[in-house]
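A.B. asks: Sharing a structure, written as structure tokens. Questions coming.
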Amino acid sequence: MDYQGRQQRLIEDLRASHLDALLVTHLPNIRYLCGFTGSSGALLVAEGGINLFTDGRYTEQAKTEVQSARAVISKKGPLSAAARSMGRKRFGNRASKSQTLGIEGQYLTVAARRSLSDELPRHIRVREAPPLVERARMVKDADEIRAIRTAVERGAELFKHALQTIRPGVKEIEVAAEMEYAARKDGAEGMAFETIIASGARSALPHGRASSTAIVSGAFVVCDFGVILHGYCSDRTRTVYVGAATVEARRVYDAVLASQLAAIDTVGPGVKIARIDQAARKTLQQNGLAQYFTHSTGHGVGLEIHEAPRVARGQQEVLRPGMVITIEPGVYLPGKWGVRIEDMVVVTEQGCEVLTPTQKEFIVI
Ligand code: ZN
Ligand code: ZN
């Protein structure tokens with residue numbers, strides 16, 4: 001991964017945001033910037049030096065993983081260690097009297113921010129930084145797309161285990177267990193999120209995690225699942241019908257599929273994200289189902305399962321080649337059942353590529 005390029009671009013962004021340094025504490029951002037995968041760390045990014053502060057548990061790991069930053073092993077917590085180092089050495093614009101340190105306000109607790117301010121020398125002001133790293137992470141480079149592609153392919157494989165297990169009477173968690181066991185055996189570092197197997201009336205819950213409910217006949221089962229491979233997540237949803245399908249079930253399924261395809265059709269460079277959401281909703285509206293689509297159309301995926309950009313109503317962000325997003329409209333009929341179909345797509349120079357080009361026809365079990 002091109003850590004040095006990422007760091008260089010971030011330093012330019014810091015300058016433009018009038019920050020002398022940025023204290024990165026969100027672990028996926030740290031990983032993105034220097035490759036460190038430990039669970040405790042703070043990365044201080046400033047012109048003239050990138051320092052990773054971590055503790056003794058990660059001495060060896062930091063040595064192996066981090067070549068593009070200086071690793072500082074400290075007995076104190078990473079924040080304290082970073083604050084103390086700033087007291088010893090000036091960074092950024094050395095000519096000015098005071099210096100401004102950007103923090104990631106979204107991820108720092110109130111208590112951590114207070115103790116950071118207490119430990120910093122007086123000439124350093126703390127300011128909440130804009131989401132600079134998150135913005136950089138929106139556009140994936142070739143190495144990242146390769147990693148995502150592998151995660152998506154491995155993740156997609158799990159659906160066949162779901163198909164083999166889903167039967168009336170089988171518990172949702174048993175289906176999830178078979179999929180997760182297969183994922184780990186196949187080398188996944190973990191699941192990208194808690195596997196969603198939502199059957200019967202529970203399929204009308206957009207985030208129905210697998211429960212001990214037994215699958216019943218005469219309703220859909222929503223399967224939403226993904227794996228982590230080389231740090232990158234995959235995310236995919238398929239919905240199947242158990243029992244003899246009704247005309248209504250087919251009609252709703254076809255409408256969701258048409259909505260998903262219409263949204264995918266609009267994805268391309270230069271397109272305002274709101275338009276994708278609009279395309280998905282419009283198709284459902286034509287089928288009289290728009291009011292049952294209760295969440296946004298999708299989200300960015302990468303080192304985190306949900307990351308920028310949000311694919312939602314009114315989003316002014318414009319798509320650029322290299323962005324990886326999900327397209328996942330759904331229809332949820334309360335107390336009855338629900339349908340969702342989700343794929344990951346990568347924005348290309350010409351349009352987009354669906355990363356999970358597998359079948360989406362109506363499946364009956
Ligand atoms: Zn999903
Ligand atoms: Zn998703």
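Each chain in the structure tokens gets a letter, A, B, ..., in the order shown, and its residues are numbered from 1; ligands are numbered from 1 in order too.
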Please tabulate, as a Markdown table, the residues of chain A that come within 12 Å of ligand 1, each with its closest pair of atoms and the distance in Å to one decimal, counting only C-alpha atoms and all ligand atoms and ordering rows by chain, then residue number upward.
C.D. replies:
| residue | atom | partner | partner_atom_place_in_ligand_line | distance |
| --- | --- | --- | --- | --- |
| A:Val152 | CA | ligand 1 | 1 (Zn) | 11.7 |
| A:Gly155 | CA | ligand 1 | 1 (Zn) | 11.1 |
| A:Ala156 | CA | ligand 1 | 1 (Zn) | 11.7 |
| A:Met191 | CA | ligand 1 | 1 (Zn) | 11.5 |
| A:Ala192 | CA | ligand 1 | 1 (Zn) | 9.3 |
| A:Phe193 | CA | ligand 1 | 1 (Zn) | 8.5 |
| A:Glu194 | CA | ligand 1 | 1 (Zn) | 9.8 |
| A:Thr195 | CA | ligand 1 | 1 (Zn) | 8.8 |
| A:Ile196 | CA | ligand 1 | 1 (Zn) | 8.1 |
| A:Ile197 | CA | ligand 1 | 1 (Zn) | 10.9 |
| A:Pro206 | CA | ligand 1 | 1 (Zn) | 9.7 |
| A:His207 | CA | ligand 1 | 1 (Zn) | 8.9 |
| A:Gly208 | CA | ligand 1 | 1 (Zn) | 11.2 |
| A:Arg209 | CA | ligand 1 | 1 (Zn) | 11.2 |
| A:Val222 | CA | ligand 1 | 1 (Zn) | 10.1 |
| A:Cys223 | CA | ligand 1 | 1 (Zn) | 8.4 |
| A:Asp224 | CA | ligand 1 | 1 (Zn) | 4.8 |
| A:Phe225 | CA | ligand 1 | 1 (Zn) | 5.9 |
| A:Gly226 | CA | ligand 1 | 1 (Zn) | 7.2 |
| A:Val227 | CA | ligand 1 | 1 (Zn) | 10.8 |
| A:Cys233 | CA | ligand 1 | 1 (Zn) | 10.5 |
| A:Ser234 | CA | ligand 1 | 1 (Zn) | 8.3 |
| A:Asp235 | CA | ligand 1 | 1 (Zn) | 4.7 |
| A:Arg236 | CA | ligand 1 | 1 (Zn) | 4.9 |
| A:Thr237 | CA | ligand 1 | 1 (Zn) | 5.5 |
| A:Arg238 | CA | ligand 1 | 1 (Zn) | 9.2 |
| A:Thr239 | CA | ligand 1 | 1 (Zn) | 11.5 |
| A:Ser296 | CA | ligand 1 | 1 (Zn) | 11.9 |
| A:Thr297 | CA | ligand 1 | 1 (Zn) | 10.9 |
| A:Gly298 | CA | ligand 1 | 1 (Zn) | 8.8 |
| A:His299 | CA | ligand 1 | 1 (Zn) | 9.4 |
| A:Gly300 | CA | ligand 1 | 1 (Zn) | 11.1 |
| A:Val301 | CA | ligand 1 | 1 (Zn) | 10.0 |
| A:Ile305 | CA | ligand 1 | 1 (Zn) | 8.5 |
| A:His306 | CA | ligand 1 | 1 (Zn) | 9.4 |
| A:Ile325 | CA | ligand 1 | 1 (Zn) | 10.9 |
| A:Thr326 | CA | ligand 1 | 1 (Zn) | 7.9 |
| A:Ile327 | CA | ligand 1 | 1 (Zn) | 9.2 |
| A:Glu328 | CA | ligand 1 | 1 (Zn) | 7.5 |
| A:Pro329 | CA | ligand 1 | 1 (Zn) | 10.4 |
| A:Gly330 | CA | ligand 1 | 1 (Zn) | 11.0 |
| A:Arg340 | CA | ligand 1 | 1 (Zn) | 9.1 |
| A:Ile341 | CA | ligand 1 | 1 (Zn) | 8.7 |
| A:Glu342 | CA | ligand 1 | 1 (Zn) | 6.4 |
| A:Asp343 | CA | ligand 1 | 1 (Zn) | 8.2 |
| A:Met344 | CA | ligand 1 | 1 (Zn) | 9.2 |
A.B. asks: Pick out the residues sitting within 10 Å of Asp265 (chain A), and hand them over as JSON, numbers by chain; count only C-alpha atoms, and ignore anything fewer than 2 positions along from it in its own chain.
C.D. replies: {"A": [259, 260, 261, 262, 263, 267, 268, 276, 279, 280, 351, 352]}
A.B. asks: Next, dump the selected residues to file, keeping only all heavy atoms, as a PDB file, in the first residue's frame.
C.D. replies:
ATOM      1  N   SER A 259     -35.491  -1.640  -8.847  1.00  0.00           N
ATOM      2  CA  SER A 259     -35.000  -0.438  -8.165  1.00  0.00           C
ATOM      3  C   SER A 259     -33.473  -0.503  -8.029  1.00  0.00           C
ATOM      4  O   SER A 259     -32.774   0.479  -8.280  1.00  0.00           O
ATOM      5  CB  SER A 259     -35.663  -0.357  -6.786  1.00  0.00           C
ATOM      6  OG  SER A 259     -34.934   0.443  -5.915  1.00  0.00           O
ATOM      7  N   GLN A 260     -32.972  -1.671  -7.665  1.00  0.00           N
ATOM      8  CA  GLN A 260     -31.521  -1.812  -7.501  1.00  0.00           C
ATOM      9  C   GLN A 260     -30.807  -1.633  -8.836  1.00  0.00           C
ATOM     10  O   GLN A 260     -29.793  -0.942  -8.933  1.00  0.00           O
ATOM     11  CB  GLN A 260     -31.204  -3.195  -6.895  1.00  0.00           C
ATOM     12  CG  GLN A 260     -29.854  -3.234  -6.202  1.00  0.00           C
ATOM     13  CD  GLN A 260     -28.965  -4.373  -6.663  1.00  0.00           C
ATOM     14  OE1 GLN A 260     -29.248  -5.048  -7.658  1.00  0.00           O
ATOM     15  NE2 GLN A 260     -27.888  -4.587  -5.928  1.00  0.00           N
ATOM     16  N   LEU A 261     -31.365  -2.240  -9.902  1.00  0.00           N
ATOM     17  CA  LEU A 261     -30.737  -2.143 -11.227  1.00  0.00           C
ATOM     18  C   LEU A 261     -30.780  -0.697 -11.740  1.00  0.00           C
ATOM     19  O   LEU A 261     -29.823  -0.215 -12.344  1.00  0.00           O
ATOM     20  CB  LEU A 261     -31.412  -3.098 -12.214  1.00  0.00           C
ATOM     21  CG  LEU A 261     -31.239  -4.588 -11.882  1.00  0.00           C
ATOM     22  CD1 LEU A 261     -32.049  -5.450 -12.853  1.00  0.00           C
ATOM     23  CD2 LEU A 261     -29.771  -5.010 -11.897  1.00  0.00           C
ATOM     24  N   ALA A 262     -31.884  -0.007 -11.464  1.00  0.00           N
ATOM     25  CA  ALA A 262     -32.003   1.391 -11.899  1.00  0.00           C
ATOM     26  C   ALA A 262     -30.957   2.249 -11.194  1.00  0.00           C
ATOM     27  O   ALA A 262     -30.338   3.128 -11.808  1.00  0.00           O
ATOM     28  CB  ALA A 262     -33.409   1.911 -11.605  1.00  0.00           C
ATOM     29  N   ALA A 263     -30.758   1.995  -9.903  1.00  0.00           N
ATOM     30  CA  ALA A 263     -29.755   2.759  -9.151  1.00  0.00           C
ATOM     31  C   ALA A 263     -28.354   2.471  -9.686  1.00  0.00           C
ATOM     32  O   ALA A 263     -27.554   3.388  -9.902  1.00  0.00           O
ATOM     33  CB  ALA A 263     -29.852   2.425  -7.666  1.00  0.00           C
ATOM     34  N   VAL A 267     -24.889   4.929 -11.687  1.00  0.00           N
ATOM     35  CA  VAL A 267     -23.557   5.105 -11.086  1.00  0.00           C
ATOM     36  C   VAL A 267     -22.500   5.349 -12.146  1.00  0.00           C
ATOM     37  O   VAL A 267     -22.379   4.592 -13.111  1.00  0.00           O
ATOM     38  CB  VAL A 267     -23.170   3.862 -10.235  1.00  0.00           C
ATOM     39  CG1 VAL A 267     -21.761   4.012  -9.674  1.00  0.00           C
ATOM     40  CG2 VAL A 267     -24.159   3.658  -9.100  1.00  0.00           C
ATOM     41  N   GLY A 268     -21.749   6.428 -11.974  1.00  0.00           N
ATOM     42  CA  GLY A 268     -20.659   6.737 -12.893  1.00  0.00           C
ATOM     43  C   GLY A 268     -19.936   7.973 -12.421  1.00  0.00           C
ATOM     44  O   GLY A 268     -20.435   8.694 -11.542  1.00  0.00           O
ATOM     45  N   ILE A 276     -28.501   8.760  -7.370  1.00  0.00           N
ATOM     46  CA  ILE A 276     -28.562   7.290  -7.276  1.00  0.00           C
ATOM     47  C   ILE A 276     -29.708   6.909  -6.343  1.00  0.00           C
ATOM     48  O   ILE A 276     -30.521   6.030  -6.640  1.00  0.00           O
ATOM     49  CB  ILE A 276     -27.226   6.732  -6.730  1.00  0.00           C
ATOM     50  CG1 ILE A 276     -26.089   7.190  -7.641  1.00  0.00           C
ATOM     51  CG2 ILE A 276     -27.256   5.233  -6.607  1.00  0.00           C
ATOM     52  CD1 ILE A 276     -24.748   7.045  -7.014  1.00  0.00           C
ATOM     53  N   ALA A 279     -32.967   7.479  -8.050  1.00  0.00           N
ATOM     54  CA  ALA A 279     -33.304   6.451  -9.039  1.00  0.00           C
ATOM     55  C   ALA A 279     -33.914   5.231  -8.353  1.00  0.00           C
ATOM     56  O   ALA A 279     -34.899   4.655  -8.837  1.00  0.00           O
ATOM     57  CB  ALA A 279     -32.057   6.054  -9.822  1.00  0.00           C
ATOM     58  N   ALA A 280     -33.319   4.853  -7.206  1.00  0.00           N
ATOM     59  CA  ALA A 280     -33.838   3.689  -6.470  1.00  0.00           C
ATOM     60  C   ALA A 280     -35.257   3.953  -5.988  1.00  0.00           C
ATOM     61  O   ALA A 280     -36.151   3.106  -6.129  1.00  0.00           O
ATOM     62  CB  ALA A 280     -32.923   3.369  -5.288  1.00  0.00           C
ATOM     63  N   GLY A 351     -18.037   4.198 -16.109  1.00  0.00           N
ATOM     64  CA  GLY A 351     -19.339   4.010 -15.464  1.00  0.00           C
ATOM     65  C   GLY A 351     -19.115   3.326 -14.129  1.00  0.00           C
ATOM     66  O   GLY A 351     -18.553   3.911 -13.218  1.00  0.00           O
ATOM     67  N   CYS A 352     -19.509   2.062 -14.069  1.00  0.00           N
ATOM     68  CA  CYS A 352     -19.222   1.325 -12.839  1.00  0.00           C
ATOM     69  C   CYS A 352     -19.144  -0.160 -13.124  1.00  0.00           C
ATOM     70  O   CYS A 352     -19.580  -0.631 -14.175  1.00  0.00           O
ATOM     71  CB  CYS A 352     -20.295   1.598 -11.782  1.00  0.00           C
ATOM     72  SG  CYS A 352     -21.833   0.698 -12.019  1.00  0.00           S
TER      73      CYS A 352
END
A.B. asks: Could you check the closest approach to Asp186 (chain A) for each of A:Glu153, A:Glu361, A:Asp118, A:Glu174 and tell me which residue wins, using only C-alpha atoms?
C.D. replies: A:Glu153
A.B. asks: Applying 10 Å and only C-alpha atoms, which residues near Arg31 (chain A) remain after dropping the ones on its own chain fewer than 4 positions away? List them as a PDB file with all heavy atoms, in the first residue's frame.
C.D. replies:
ATOM      1  N   TYR A   3       1.637   4.035   1.561  1.00  0.00           N
ATOM      2  CA  TYR A   3       1.477   4.828   2.784  1.00  0.00           C
ATOM      3  C   TYR A   3       2.107   6.214   2.659  1.00  0.00           C
ATOM      4  O   TYR A   3       1.547   7.200   3.125  1.00  0.00           O
ATOM      5  CB  TYR A   3       2.066   4.077   3.980  1.00  0.00           C
ATOM      6  CG  TYR A   3       1.394   2.739   4.204  1.00  0.00           C
ATOM      7  CD1 TYR A   3       2.103   1.547   4.160  1.00  0.00           C
ATOM      8  CD2 TYR A   3       0.025   2.684   4.447  1.00  0.00           C
ATOM      9  CE1 TYR A   3       1.467   0.328   4.349  1.00  0.00           C
ATOM     10  CE2 TYR A   3      -0.618   1.469   4.637  1.00  0.00           C
ATOM     11  CZ  TYR A   3       0.109   0.292   4.584  1.00  0.00           C
ATOM     12  OH  TYR A   3      -0.528  -0.903   4.766  1.00  0.00           O
ATOM     13  N   HIS A  26      -8.454   7.295  15.251  1.00  0.00           N
ATOM     14  CA  HIS A  26      -9.385   6.278  14.751  1.00  0.00           C
ATOM     15  C   HIS A  26      -8.556   5.171  14.092  1.00  0.00           C
ATOM     16  O   HIS A  26      -7.824   5.422  13.121  1.00  0.00           O
ATOM     17  CB  HIS A  26     -10.326   6.936  13.745  1.00  0.00           C
ATOM     18  CG  HIS A  26     -11.413   6.030  13.257  1.00  0.00           C
ATOM     19  ND1 HIS A  26     -12.175   5.259  14.111  1.00  0.00           N
ATOM     20  CD2 HIS A  26     -11.869   5.773  12.005  1.00  0.00           C
ATOM     21  CE1 HIS A  26     -13.041   4.565  13.405  1.00  0.00           C
ATOM     22  NE2 HIS A  26     -12.878   4.849  12.131  1.00  0.00           N
ATOM     23  N   LEU A  27      -8.675   3.952  14.635  1.00  0.00           N
ATOM     24  CA  LEU A  27      -7.762   2.875  14.211  1.00  0.00           C
ATOM     25  C   LEU A  27      -7.770   2.590  12.706  1.00  0.00           C
ATOM     26  O   LEU A  27      -6.706   2.408  12.108  1.00  0.00           O
ATOM     27  CB  LEU A  27      -8.027   1.604  15.026  1.00  0.00           C
ATOM     28  CG  LEU A  27      -7.668   1.709  16.523  1.00  0.00           C
ATOM     29  CD1 LEU A  27      -8.196   0.504  17.288  1.00  0.00           C
ATOM     30  CD2 LEU A  27      -6.163   1.855  16.724  1.00  0.00           C
ATOM     31  N   GLY A  35      -0.333   1.418   8.039  1.00  0.00           N
ATOM     32  CA  GLY A  35      -0.340  -0.044   7.994  1.00  0.00           C
ATOM     33  C   GLY A  35      -0.447  -0.718   9.345  1.00  0.00           C
ATOM     34  O   GLY A  35      -0.562  -1.943   9.426  1.00  0.00           O
ATOM     35  N   PHE A  36      -0.446   0.060  10.434  1.00  0.00           N
ATOM     36  CA  PHE A  36      -0.490  -0.539  11.764  1.00  0.00           C
ATOM     37  C   PHE A  36      -1.880  -1.103  12.065  1.00  0.00           C
ATOM     38  O   PHE A  36      -2.876  -0.406  11.906  1.00  0.00           O
ATOM     39  CB  PHE A  36      -0.106   0.507  12.809  1.00  0.00           C
ATOM     40  CG  PHE A  36      -0.111   0.005  14.227  1.00  0.00           C
ATOM     41  CD1 PHE A  36       0.783  -0.975  14.631  1.00  0.00           C
ATOM     42  CD2 PHE A  36      -1.009   0.515  15.155  1.00  0.00           C
ATOM     43  CE1 PHE A  36       0.774  -1.440  15.936  1.00  0.00           C
ATOM     44  CE2 PHE A  36      -1.035   0.062  16.465  1.00  0.00           C
ATOM     45  CZ  PHE A  36      -0.127  -0.922  16.853  1.00  0.00           C
ATOM     46  N   THR A  37      -1.922  -2.364  12.529  1.00  0.00           N
ATOM     47  CA  THR A  37      -3.238  -2.981  12.771  1.00  0.00           C
ATOM     48  C   THR A  37      -3.503  -3.258  14.250  1.00  0.00           C
ATOM     49  O   THR A  37      -4.463  -3.944  14.591  1.00  0.00           O
ATOM     50  CB  THR A  37      -3.388  -4.310  11.989  1.00  0.00           C
ATOM     51  OG1 THR A  37      -2.446  -5.250  12.531  1.00  0.00           O
ATOM     52  CG2 THR A  37      -3.145  -4.145  10.508  1.00  0.00           C
ATOM     53  N   GLY A  38      -2.649  -2.746  15.121  1.00  0.00           N
ATOM     54  CA  GLY A  38      -2.853  -2.971  16.557  1.00  0.00           C
ATOM     55  C   GLY A  38      -4.101  -2.274  17.068  1.00  0.00           C
ATOM     56  O   GLY A  38      -4.687  -1.443  16.374  1.00  0.00           O
ATOM     57  N   GLY A  41      -3.269   2.821  19.650  1.00  0.00           N
ATOM     58  CA  GLY A  41      -2.278   3.646  18.976  1.00  0.00           C
ATOM     59  C   GLY A  41      -2.789   5.038  18.689  1.00  0.00           C
ATOM     60  O   GLY A  41      -3.993   5.307  18.726  1.00  0.00           O
ATOM     61  N   LEU A  43      -1.525   8.255  15.909  1.00  0.00           N
ATOM     62  CA  LEU A  43      -0.555   8.631  14.880  1.00  0.00           C
ATOM     63  C   LEU A  43      -0.525  10.153  14.793  1.00  0.00           C
ATOM     64  O   LEU A  43      -1.554  10.789  14.537  1.00  0.00           O
ATOM     65  CB  LEU A  43      -0.970   8.024  13.528  1.00  0.00           C
ATOM     66  CG  LEU A  43       0.040   8.155  12.397  1.00  0.00           C
ATOM     67  CD1 LEU A  43       1.232   7.237  12.616  1.00  0.00           C
ATOM     68  CD2 LEU A  43      -0.617   7.844  11.046  1.00  0.00           C
ATOM     69  N   GLU A  65       4.983  -4.089  10.744  1.00  0.00           N
ATOM     70  CA  GLU A  65       3.950  -3.463   9.911  1.00  0.00           C
ATOM     71  C   GLU A  65       4.261  -2.036   9.472  1.00  0.00           C
ATOM     72  O   GLU A  65       3.787  -1.585   8.435  1.00  0.00           O
ATOM     73  CB  GLU A  65       2.608  -3.449  10.675  1.00  0.00           C
ATOM     74  CG  GLU A  65       2.007  -4.820  10.870  1.00  0.00           C
ATOM     75  CD  GLU A  65       0.692  -4.783  11.653  1.00  0.00           C
ATOM     76  OE1 GLU A  65       0.416  -3.772  12.334  1.00  0.00           O
ATOM     77  OE2 GLU A  65      -0.043  -5.770  11.593  1.00  0.00           O
ATOM     78  N   VAL A  66       5.003  -1.329  10.306  1.00  0.00           N
ATOM     79  CA  VAL A  66       5.139   0.120  10.061  1.00  0.00           C
ATOM     80  C   VAL A  66       6.546   0.499   9.599  1.00  0.00           C
ATOM     81  O   VAL A  66       7.495   0.458  10.376  1.00  0.00           O
ATOM     82  CB  VAL A  66       4.780   0.911  11.345  1.00  0.00           C
ATOM     83  CG1 VAL A  66       4.823   2.413  11.092  1.00  0.00           C
ATOM     84  CG2 VAL A  66       3.410   0.494  11.845  1.00  0.00           C
ATOM     85  N   GLY A 231      -7.916  -6.865   5.679  1.00  0.00           N
ATOM     86  CA  GLY A 231      -8.404  -5.625   6.294  1.00  0.00           C
ATOM     87  C   GLY A 231      -9.607  -5.009   5.613  1.00  0.00           C
ATOM     88  O   GLY A 231     -10.240  -4.114   6.156  1.00  0.00           O
ATOM     89  N   LEU A 303     -12.001  -0.227   4.509  1.00  0.00           N
ATOM     90  CA  LEU A 303     -11.460  -0.744   5.764  1.00  0.00           C
ATOM     91  C   LEU A 303     -12.562  -0.868   6.808  1.00  0.00           C
ATOM     92  O   LEU A 303     -12.460  -1.646   7.739  1.00  0.00           O
ATOM     93  CB  LEU A 303     -10.357   0.188   6.286  1.00  0.00           C
ATOM     94  CG  LEU A 303      -9.033   0.137   5.534  1.00  0.00           C
ATOM     95  CD1 LEU A 303      -8.117   1.267   5.977  1.00  0.00           C
ATOM     96  CD2 LEU A 303      -8.330  -1.204   5.709  1.00  0.00           C
TER      97      LEU A 303
END
A.B. asks: Hey, what does DSSP flag as strand (DSSP E or B) within region 46-260 of chain A? Can you give it to me as a PyMOL selection string?
C.D. replies: chain A and resi 46+49-54+70-73+99-103+124-128+139+171+190-191+196-199+209+214+219-225+227-229+232-233+236-242
A.B. asks: Taking only C-alpha atoms into account, which of A:Ser39, A:Ala176, A:Pro334, A:Arg251 comes nearest Gln61 (chain A)?
C.D. replies: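 Going through A:Ser39, A:Ala176, A:Pro334, A:Arg251 one by one, the smallest distance to Gln61 (chain A) is for A:Ser39.
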A.B. asks: Which residue gives the smallest distance to Thr294 (chain A) among A:Gln164, A:Gly48, A:Glu353, A:Tyr332, with only C-alpha atoms counted?
C.D. replies: A:Tyr332
A.B. asks: Could you check which of A:Glu307, A:Val318, A:Ala198, A:Leu79 is closest to ligand 2, using only C-alpha atoms and all ligand atoms?
C.D. replies: A:Glu307
A.B. asks: Might you pull out every residue within 8 Å of Pro78 (chain A), with only C-alpha atoms counted and same-chain residues fewer than 3 positions away left off, and present them as a VMD selection string?
C.D. replies: chain A and resid 40 to 42 53 to 55 74 81 to 82
A.B. asks: Write a file of the just-selected residues containing N, CA, C and O atoms, as a tab-separated table (two decimals), in the first residue's frame.
C.D. replies:
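Listed below is the output, out.tsv:
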chain	number	residue	atom	x	y	z
A	40	SER	N	-4.29	-0.43	19.85
A	40	SER	CA	-4.02	0.76	20.66
A	40	SER	C	-2.95	1.58	19.97
A	40	SER	O	-1.84	1.10	19.72
A	41	GLY	N	-3.27	2.82	19.65
A	41	GLY	CA	-2.28	3.65	18.98
A	41	GLY	C	-2.79	5.04	18.69
A	41	GLY	O	-3.99	5.31	18.73
A	42	ALA	N	-1.87	5.94	18.45
A	42	ALA	CA	-2.19	7.30	18.01
A	42	ALA	C	-1.10	7.69	17.02
A	42	ALA	O	0.08	7.42	17.25
A	53	PHE	N	2.45	6.24	18.10
A	53	PHE	CA	2.61	5.96	19.52
A	53	PHE	C	1.76	4.74	19.87
A	53	PHE	O	0.57	4.70	19.59
A	54	THR	N	2.42	3.76	20.46
A	54	THR	CA	1.68	2.56	20.90
A	54	THR	C	2.37	2.00	22.14
A	54	THR	O	3.32	2.62	22.65
A	55	ASP	N	1.89	0.86	22.63
A	55	ASP	CA	2.48	0.33	23.86
A	55	ASP	C	3.25	-0.97	23.63
A	55	ASP	O	3.27	-1.50	22.53
A	74	SER	N	5.58	3.24	24.25
A	74	SER	CA	5.54	4.02	25.49
A	74	SER	C	4.79	3.26	26.57
A	74	SER	O	3.87	2.50	26.31
A	81	ALA	N	1.56	9.88	25.48
A	81	ALA	CA	2.89	9.85	24.86
A	81	ALA	C	2.97	10.87	23.73
A	81	ALA	O	3.97	11.58	23.59
A	82	ALA	N	1.89	10.96	22.94
A	82	ALA	CA	1.88	11.93	21.84
A	82	ALA	C	1.93	13.35	22.38
A	82	ALA	O	2.69	14.20	21.89
A.B. asks: Would you kindly return, as a list in words, each protein, DNA or RNA residue with an atom no farther than 8 Å from any atom of Glu128 (chain A), considering only C-alpha atoms and excluding same-chain residues fewer than 2 positions away?
C.D. replies: Gly102, Ile103, Glu104, Gly105, Val126 and Pro130 of chain A
A.B. asks: Quick one: write out the picked residues with all heavy atoms as a PDB file, in the first residue's frame?
C.D. replies:
ATOM      1  N   GLY A 102      -4.903  19.367  15.175  1.00  0.00           N
ATOM      2  CA  GLY A 102      -6.226  18.862  14.820  1.00  0.00           C
ATOM      3  C   GLY A 102      -6.469  17.522  15.489  1.00  0.00           C
ATOM      4  O   GLY A 102      -5.557  16.702  15.603  1.00  0.00           O
ATOM      5  N   ILE A 103      -7.694  17.327  15.962  1.00  0.00           N
ATOM      6  CA  ILE A 103      -8.054  16.013  16.516  1.00  0.00           C
ATOM      7  C   ILE A 103      -9.271  15.491  15.757  1.00  0.00           C
ATOM      8  O   ILE A 103      -9.978  16.249  15.104  1.00  0.00           O
ATOM      9  CB  ILE A 103      -8.388  16.080  18.029  1.00  0.00           C
ATOM     10  CG1 ILE A 103      -9.460  17.155  18.277  1.00  0.00           C
ATOM     11  CG2 ILE A 103      -7.151  16.313  18.855  1.00  0.00           C
ATOM     12  CD1 ILE A 103     -10.160  16.999  19.592  1.00  0.00           C
ATOM     13  N   GLU A 104      -9.492  14.186  15.871  1.00  0.00           N
ATOM     14  CA  GLU A 104     -10.662  13.577  15.236  1.00  0.00           C
ATOM     15  C   GLU A 104     -11.786  13.553  16.259  1.00  0.00           C
ATOM     16  O   GLU A 104     -11.976  12.557  16.972  1.00  0.00           O
ATOM     17  CB  GLU A 104     -10.327  12.159  14.789  1.00  0.00           C
ATOM     18  CG  GLU A 104      -9.201  12.127  13.772  1.00  0.00           C
ATOM     19  CD  GLU A 104      -8.891  10.716  13.321  1.00  0.00           C
ATOM     20  OE1 GLU A 104      -8.608   9.864  14.188  1.00  0.00           O
ATOM     21  OE2 GLU A 104      -8.941  10.461  12.107  1.00  0.00           O
ATOM     22  N   GLY A 105     -12.532  14.665  16.311  1.00  0.00           N
ATOM     23  CA  GLY A 105     -13.551  14.841  17.341  1.00  0.00           C
ATOM     24  C   GLY A 105     -14.582  13.731  17.380  1.00  0.00           C
ATOM     25  O   GLY A 105     -15.105  13.376  18.434  1.00  0.00           O
ATOM     26  N   VAL A 126      -5.999  23.064  20.516  1.00  0.00           N
ATOM     27  CA  VAL A 126      -6.617  21.864  19.956  1.00  0.00           C
ATOM     28  C   VAL A 126      -7.876  22.277  19.188  1.00  0.00           C
ATOM     29  O   VAL A 126      -8.671  23.082  19.673  1.00  0.00           O
ATOM     30  CB  VAL A 126      -6.989  20.863  21.080  1.00  0.00           C
ATOM     31  CG1 VAL A 126      -7.782  19.696  20.523  1.00  0.00           C
ATOM     32  CG2 VAL A 126      -5.730  20.362  21.764  1.00  0.00           C
ATOM     33  N   PRO A 130     -11.499  18.695  10.146  1.00  0.00           N
ATOM     34  CA  PRO A 130     -12.482  18.109   9.223  1.00  0.00           C
ATOM     35  C   PRO A 130     -12.106  16.647   8.949  1.00  0.00           C
ATOM     36  O   PRO A 130     -10.963  16.251   9.202  1.00  0.00           O
ATOM     37  CB  PRO A 130     -12.351  18.969   7.968  1.00  0.00           C
ATOM     38  CG  PRO A 130     -11.099  19.758   8.109  1.00  0.00           C
ATOM     39  CD  PRO A 130     -10.691  19.758   9.543  1.00  0.00           C
TER      40      PRO A 130
END
A.B. asks: Pick from A:Ala136, A:Ala112, A:Val339, A:Cys34: nearest to Leu10 (chain A), with only C-alpha atoms counted?
C.D. replies: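 Closest to Leu10 (chain A) of all the choices is A:Ala136.
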A.B. asks: Counting only C-alpha atoms and all ligand atoms, figure out which residue out of A:Glu180, A:Glu304, A:Asp13, A:Glu60 gets nearest to ligand 2.
C.D. replies: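 That would be A:Glu304, the residue with the smallest distance to ligand 2.
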A.B. asks: Got a sec: who's within 10 Å of Ala244 (chain A), counting only C-alpha atoms, leaving out chain neighbours fewer than 6 positions off, as a PyMOL selection string?
C.D. replies: chain A and resi 217-219+364-365
A.B. asks: Those selected residues, please, written with C-alpha atoms and delivered as a PDB file, in the first residue's frame.
C.D. replies:
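result-v6.pdb written:
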ATOM      1  CA  SER A 217     -42.619 -21.291   5.282  1.00  0.00           C
ATOM      2  CA  GLY A 218     -44.509 -18.592   3.398  1.00  0.00           C
ATOM      3  CA  ALA A 219     -42.091 -15.686   3.841  1.00  0.00           C
ATOM      4  CA  VAL A 364     -37.615 -20.330  -3.948  1.00  0.00           C
ATOM      5  CA  ILE A 365     -36.588 -22.902  -1.342  1.00  0.00           C
TER       6      ILE A 365
END
